[in-house]
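work-v7.csv, holding CSV, C-alpha atoms:
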chain,number,residue,atom,x,y,z
A,1,MET,CA,-128.6,77.3,-31.3
A,2,CYS,CA,-125.4,76.2,-29.8
A,3,THR,CA,-122.4,75.7,-32.1
A,4,ASP,CA,-120.3,73.7,-29.7
A,5,PRO,CA,-122.3,70.9,-28.1
A,6,SER,CA,-119.7,70.5,-25.3
A,7,LEU,CA,-120.5,74.0,-24.1
A,8,CYS,CA,-124.3,73.7,-24.4
A,9,GLU,CA,-126.5,73.1,-21.3
A,10,GLU,CA,-128.8,70.1,-21.7
A,11,LEU,CA,-132.2,71.3,-20.8
A,12,PRO,CA,-134.6,68.9,-19.1
A,13,SER,CA,-137.6,67.9,-21.2
A,14,ALA,CA,-141.0,69.4,-20.4
A,15,VAL,CA,-141.9,66.1,-18.7
A,16,ASP,CA,-138.9,66.3,-16.5
A,17,ARG,CA,-139.6,69.9,-15.6
A,18,ARG,CA,-143.1,69.0,-14.4
A,19,ARG,CA,-141.9,65.9,-12.6
A,20,TYR,CA,-139.4,67.9,-10.6
A,21,LEU,CA,-141.4,71.1,-10.1
A,22,TRP,CA,-142.2,70.2,-6.5
A,23,ILE,CA,-138.5,70.1,-5.7
A,24,GLU,CA,-138.0,73.7,-7.0
A,25,ARG,CA,-140.9,74.7,-4.8
A,26,ILE,CA,-139.4,73.1,-1.7
A,27,ILE,CA,-136.1,74.9,-2.4
A,28,GLU,CA,-138.1,78.1,-2.6
A,29,LEU,CA,-140.2,77.6,0.5
A,30,GLY,CA,-137.8,75.7,2.8
A,31,VAL,CA,-139.1,73.2,5.3
A,32,PRO,CA,-139.9,73.2,9.0
A,33,ASP,CA,-138.1,69.8,9.5
A,34,GLY,CA,-136.1,67.3,7.5
A,35,ARG,CA,-133.6,69.5,5.7
A,36,SER,CA,-130.7,67.1,5.9
A,37,ARG,CA,-132.8,64.2,4.5
A,38,LEU,CA,-134.1,66.3,1.7
A,39,ILE,CA,-130.6,67.5,0.8
A,40,LEU,CA,-129.3,63.9,0.8
A,41,TYR,CA,-132.1,62.1,-1.0
A,42,VAL,CA,-133.8,64.8,-3.2
A,43,ILE,CA,-132.2,68.2,-3.6
A,44,SER,CA,-128.6,67.3,-4.1
A,45,ARG,CA,-129.5,64.6,-6.6
A,46,TYR,CA,-131.8,66.9,-8.5
A,47,LEU,CA,-129.3,69.8,-8.7
A,48,ILE,CA,-126.3,67.6,-9.7
A,49,ASN,CA,-127.8,64.8,-11.8
A,50,VAL,CA,-131.0,66.4,-13.3
A,51,LYS,CA,-130.1,70.1,-13.6
A,52,LYS,CA,-126.5,69.3,-14.1
A,53,LEU,CA,-125.2,72.2,-12.0
A,54,SER,CA,-121.6,72.5,-11.0
A,55,LEU,CA,-120.7,71.6,-7.4
A,56,GLU,CA,-120.3,75.3,-6.6
A,57,ASP,CA,-123.7,76.3,-8.1
A,58,ALA,CA,-125.4,73.4,-6.4
A,59,GLU,CA,-123.9,74.4,-3.1
A,60,ARG,CA,-125.3,77.9,-3.6
A,61,VAL,CA,-128.8,76.5,-4.2
A,62,VAL,CA,-128.6,74.3,-1.1
A,63,ASP,CA,-127.6,77.4,0.9
A,64,ILE,CA,-130.7,79.2,-0.4
A,65,PHE,CA,-132.8,76.2,0.7
A,66,ILE,CA,-131.2,76.3,4.1
A,67,GLU,CA,-131.8,80.0,4.4
A,68,ASN,CA,-135.4,79.7,3.3
A,69,SER,CA,-136.0,77.0,5.9
A,70,CYS,CA,-134.7,79.3,8.6
A,71,ARG,CA,-136.5,82.4,7.4
A,72,ASN,CA,-139.8,80.8,6.6
A,73,HIS,CA,-140.0,78.1,9.2
A,74,GLY,CA,-137.6,79.0,12.0
A,75,ASN,CA,-135.6,75.8,11.2
A,76,CYS,CA,-132.2,77.4,11.7
A,77,GLY,CA,-130.0,74.6,13.1
A,78,LYS,CA,-126.5,74.4,11.7
A,79,ILE,CA,-125.9,72.3,8.6
A,80,TYR,CA,-122.2,72.2,7.9
A,81,LYS,CA,-120.9,73.3,4.5
A,82,SER,CA,-118.4,70.5,4.6
A,83,TRP,CA,-121.2,68.0,4.9
A,84,VAL,CA,-123.1,69.6,2.0
A,85,ARG,CA,-120.0,69.5,-0.2
A,86,ARG,CA,-119.4,65.8,0.7
A,87,VAL,CA,-123.0,65.0,-0.2
A,88,LEU,CA,-122.8,66.8,-3.5
A,89,GLU,CA,-119.6,65.1,-4.5
A,90,TYR,CA,-120.9,61.7,-3.4
A,91,VAL,CA,-124.1,62.2,-5.4
A,92,LYS,CA,-122.2,63.3,-8.5
A,93,ASN,CA,-120.0,60.2,-8.3
A,94,GLY,CA,-123.0,57.9,-7.8
A,95,GLY,CA,-125.2,59.5,-10.5
A,96,TRP,CA,-128.4,58.9,-8.5
A,97,ARG,CA,-131.7,60.4,-9.4
A,98,PRO,CA,-133.7,62.2,-6.7
A,99,TRP,CA,-136.4,60.3,-4.9
A,100,SER,CA,-139.9,60.9,-6.3
A,101,LEU,CA,-142.8,61.8,-4.1
A,102,ALA,CA,-144.0,58.2,-4.3
A,103,THR,CA,-140.6,56.9,-3.1
A,104,LEU,CA,-140.5,59.5,-0.4
A,105,LYS,CA,-144.0,58.3,0.7
A,106,GLU,CA,-142.8,54.7,0.8
A,107,ARG,CA,-139.4,55.2,2.5
A,108,ASP,CA,-139.8,58.3,4.7
A,109,ARG,CA,-143.5,58.8,5.5
A,110,GLN,CA,-142.8,61.6,8.0
A,111,LEU,CA,-140.8,63.6,5.5
A,112,TYR,CA,-143.5,63.0,2.8
A,113,GLU,CA,-146.2,64.3,5.2
A,114,ILE,CA,-144.1,67.5,5.8
A,115,ILE,CA,-143.8,68.1,2.1
A,116,SER,CA,-147.4,67.2,1.2
A,117,ASN,CA,-148.7,69.6,3.9
A,118,LEU,CA,-146.4,72.3,2.8
A,119,LEU,CA,-147.3,71.9,-0.9
A,120,GLY,CA,-151.0,71.2,-0.2
A,121,LEU,CA,-151.0,67.8,-1.8
A,122,LYS,CA,-154.0,65.6,-1.3
A,123,GLU,CA,-153.8,61.9,-0.8

In structure tokens, write the structure found in this file.
Amino acid sequence: MCTDPSLCEELPSAVDRRRYLWIERIIELGVPDGRSRLILYVISRYLINVKKLSLEDAERVVDIFIENSCRNHGNCGKIYKSWVRRVLEYVKNGGWRPWSLATLKERDRQLYEIISNLLGLKE
């Protein structure tokens, strides 16, 4: 039990954890294409506004995602740290939630197909 609520980390509910499990898996696996779009619309928003990570911790997780994309899929093109920092700050100020799989399917079909193939999702 936390005696000082201002120092306590707010844990996401079980429903939230299940809803966002696919994002954790994508961070773990990396992707063969679409890293920047995922960082912008999904990963940054999840890390900052759902998990409530600091900008520094969120940047470290994004770095892991980028490394995993390179190691597991050969997607090693440069993504600048300054761009990642700007995105994280922008997302924090905006307070936006990450796109859901349904939103991704609607707004960016190509990225949705990459993720669904990677995760083995069935339509």

Closest of A:Asp108, A:Asp57, A:Glu89, A:Glu67 to Pro32 of chain A, counting all atoms listed in the file, is A:Glu67

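Rounded to one decimal, atom CA of Arg85 of chain A and atom CA of Asn117 of chain A lie 29.0 Å from each other.
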
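If only C-alpha atoms are the atoms counted, then among A:Val62, A:Cys70, A:Ile27, A:Val50 the closest residue to Trp96 of chain A is A:Val50.
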
Counting only C-alpha atoms, closest pick from A:Glu113, A:Arg18, A:Ser100, A:Lys78 relative to Asp63 of chain A is A:Lys78

For Leu40 of chain A, the closest of A:Leu88, A:Ile66, A:Leu21, A:Leu55 counting all atoms listed in the file is A:Leu88

Some atoms are absent from segment 52-85 of chain A, so rebuild N, CA and C atoms and return them as a short mmCIF file (atom, residue, chain, number, x, y, z; two decimals), keeping the file's coordinate frame.
data_model
loop_
_atom_site.label_atom_id
_atom_site.label_comp_id
_atom_site.auth_asym_id
_atom_site.auth_seq_id
_atom_site.Cartn_x
_atom_site.Cartn_y
_atom_site.Cartn_z
N LYS A 52 -127.85 69.28 -13.69
CA LYS A 52 -126.50 69.30 -14.10
C LYS A 52 -125.69 70.52 -13.71
N LEU A 53 -125.98 71.02 -12.50
CA LEU A 53 -125.20 72.20 -12.00
C LEU A 53 -123.85 71.76 -11.55
N SER A 54 -122.95 72.71 -11.55
CA SER A 54 -121.60 72.50 -11.00
C SER A 54 -121.75 72.28 -9.49
N LEU A 55 -120.72 71.73 -8.87
CA LEU A 55 -120.70 71.60 -7.40
C LEU A 55 -120.91 72.90 -6.72
N GLU A 56 -120.26 73.93 -7.22
CA GLU A 56 -120.30 75.30 -6.60
C GLU A 56 -121.74 75.85 -6.73
N ASP A 57 -122.33 75.74 -7.92
CA ASP A 57 -123.70 76.30 -8.10
C ASP A 57 -124.70 75.49 -7.29
N ALA A 58 -124.54 74.18 -7.24
CA ALA A 58 -125.40 73.40 -6.40
C ALA A 58 -125.34 73.73 -4.96
N GLU A 59 -124.13 73.96 -4.50
CA GLU A 59 -123.90 74.40 -3.10
C GLU A 59 -124.64 75.68 -2.81
N ARG A 60 -124.58 76.61 -3.75
CA ARG A 60 -125.30 77.90 -3.60
C ARG A 60 -126.80 77.69 -3.46
N VAL A 61 -127.35 76.80 -4.27
CA VAL A 61 -128.80 76.50 -4.20
C VAL A 61 -129.15 75.86 -2.89
N VAL A 62 -128.33 74.94 -2.43
CA VAL A 62 -128.60 74.30 -1.10
C VAL A 62 -128.54 75.35 -0.03
N ASP A 63 -127.61 76.29 -0.11
CA ASP A 63 -127.60 77.40 0.90
C ASP A 63 -128.85 78.20 0.87
N ILE A 64 -129.40 78.45 -0.30
CA ILE A 64 -130.70 79.20 -0.40
C ILE A 64 -131.78 78.39 0.27
N PHE A 65 -131.82 77.07 0.01
CA PHE A 65 -132.80 76.20 0.70
C PHE A 65 -132.69 76.28 2.18
N ILE A 66 -131.46 76.21 2.68
CA ILE A 66 -131.20 76.30 4.10
C ILE A 66 -131.68 77.63 4.68
N GLU A 67 -131.34 78.70 3.98
CA GLU A 67 -131.80 80.00 4.40
C GLU A 67 -133.28 80.17 4.40
N ASN A 68 -133.94 79.65 3.37
CA ASN A 68 -135.40 79.70 3.30
C ASN A 68 -136.07 78.91 4.39
N SER A 69 -135.47 77.79 4.76
CA SER A 69 -136.00 77.00 5.90
C SER A 69 -135.93 77.77 7.17
N CYS A 70 -134.85 78.50 7.35
CA CYS A 70 -134.70 79.30 8.60
C CYS A 70 -135.65 80.48 8.56
N ARG A 71 -135.66 81.24 7.47
CA ARG A 71 -136.50 82.40 7.40
C ARG A 71 -137.98 82.14 7.44
N ASN A 72 -138.40 81.11 6.72
CA ASN A 72 -139.80 80.80 6.60
C ASN A 72 -140.41 79.92 7.67
N HIS A 73 -139.53 79.11 8.31
CA HIS A 73 -140.00 78.10 9.20
C HIS A 73 -139.31 78.09 10.59
N GLY A 74 -138.33 78.94 10.75
CA GLY A 74 -137.60 79.00 12.00
C GLY A 74 -136.67 77.75 12.18
N ASN A 75 -136.44 77.01 11.11
CA ASN A 75 -135.60 75.80 11.20
C ASN A 75 -134.16 76.29 10.85
N CYS A 76 -133.46 76.75 11.89
CA CYS A 76 -132.20 77.40 11.70
C CYS A 76 -130.98 76.67 12.26
N GLY A 77 -131.16 75.41 12.61
CA GLY A 77 -130.00 74.60 13.10
C GLY A 77 -128.93 74.54 12.08
N LYS A 78 -127.72 74.36 12.54
CA LYS A 78 -126.50 74.40 11.70
C LYS A 78 -126.48 73.11 10.80
N ILE A 79 -126.25 73.33 9.53
CA ILE A 79 -125.90 72.30 8.60
C ILE A 79 -124.53 72.67 8.04
N TYR A 80 -123.54 71.86 8.28
CA TYR A 80 -122.20 72.20 7.90
C TYR A 80 -121.93 72.20 6.42
N LYS A 81 -121.25 73.23 5.93
CA LYS A 81 -120.90 73.30 4.50
C LYS A 81 -120.07 72.12 4.06
N SER A 82 -119.20 71.65 4.95
CA SER A 82 -118.40 70.50 4.60
C SER A 82 -119.22 69.26 4.33
N TRP A 83 -120.30 69.10 5.12
CA TRP A 83 -121.20 68.00 4.90
C TRP A 83 -121.93 68.12 3.58
N VAL A 84 -122.41 69.33 3.28
CA VAL A 84 -123.10 69.60 2.00
C VAL A 84 -122.18 69.29 0.85
N ARG A 85 -120.94 69.76 0.90
CA ARG A 85 -120.00 69.50 -0.20
C ARG A 85 -119.74 68.01 -0.37
#
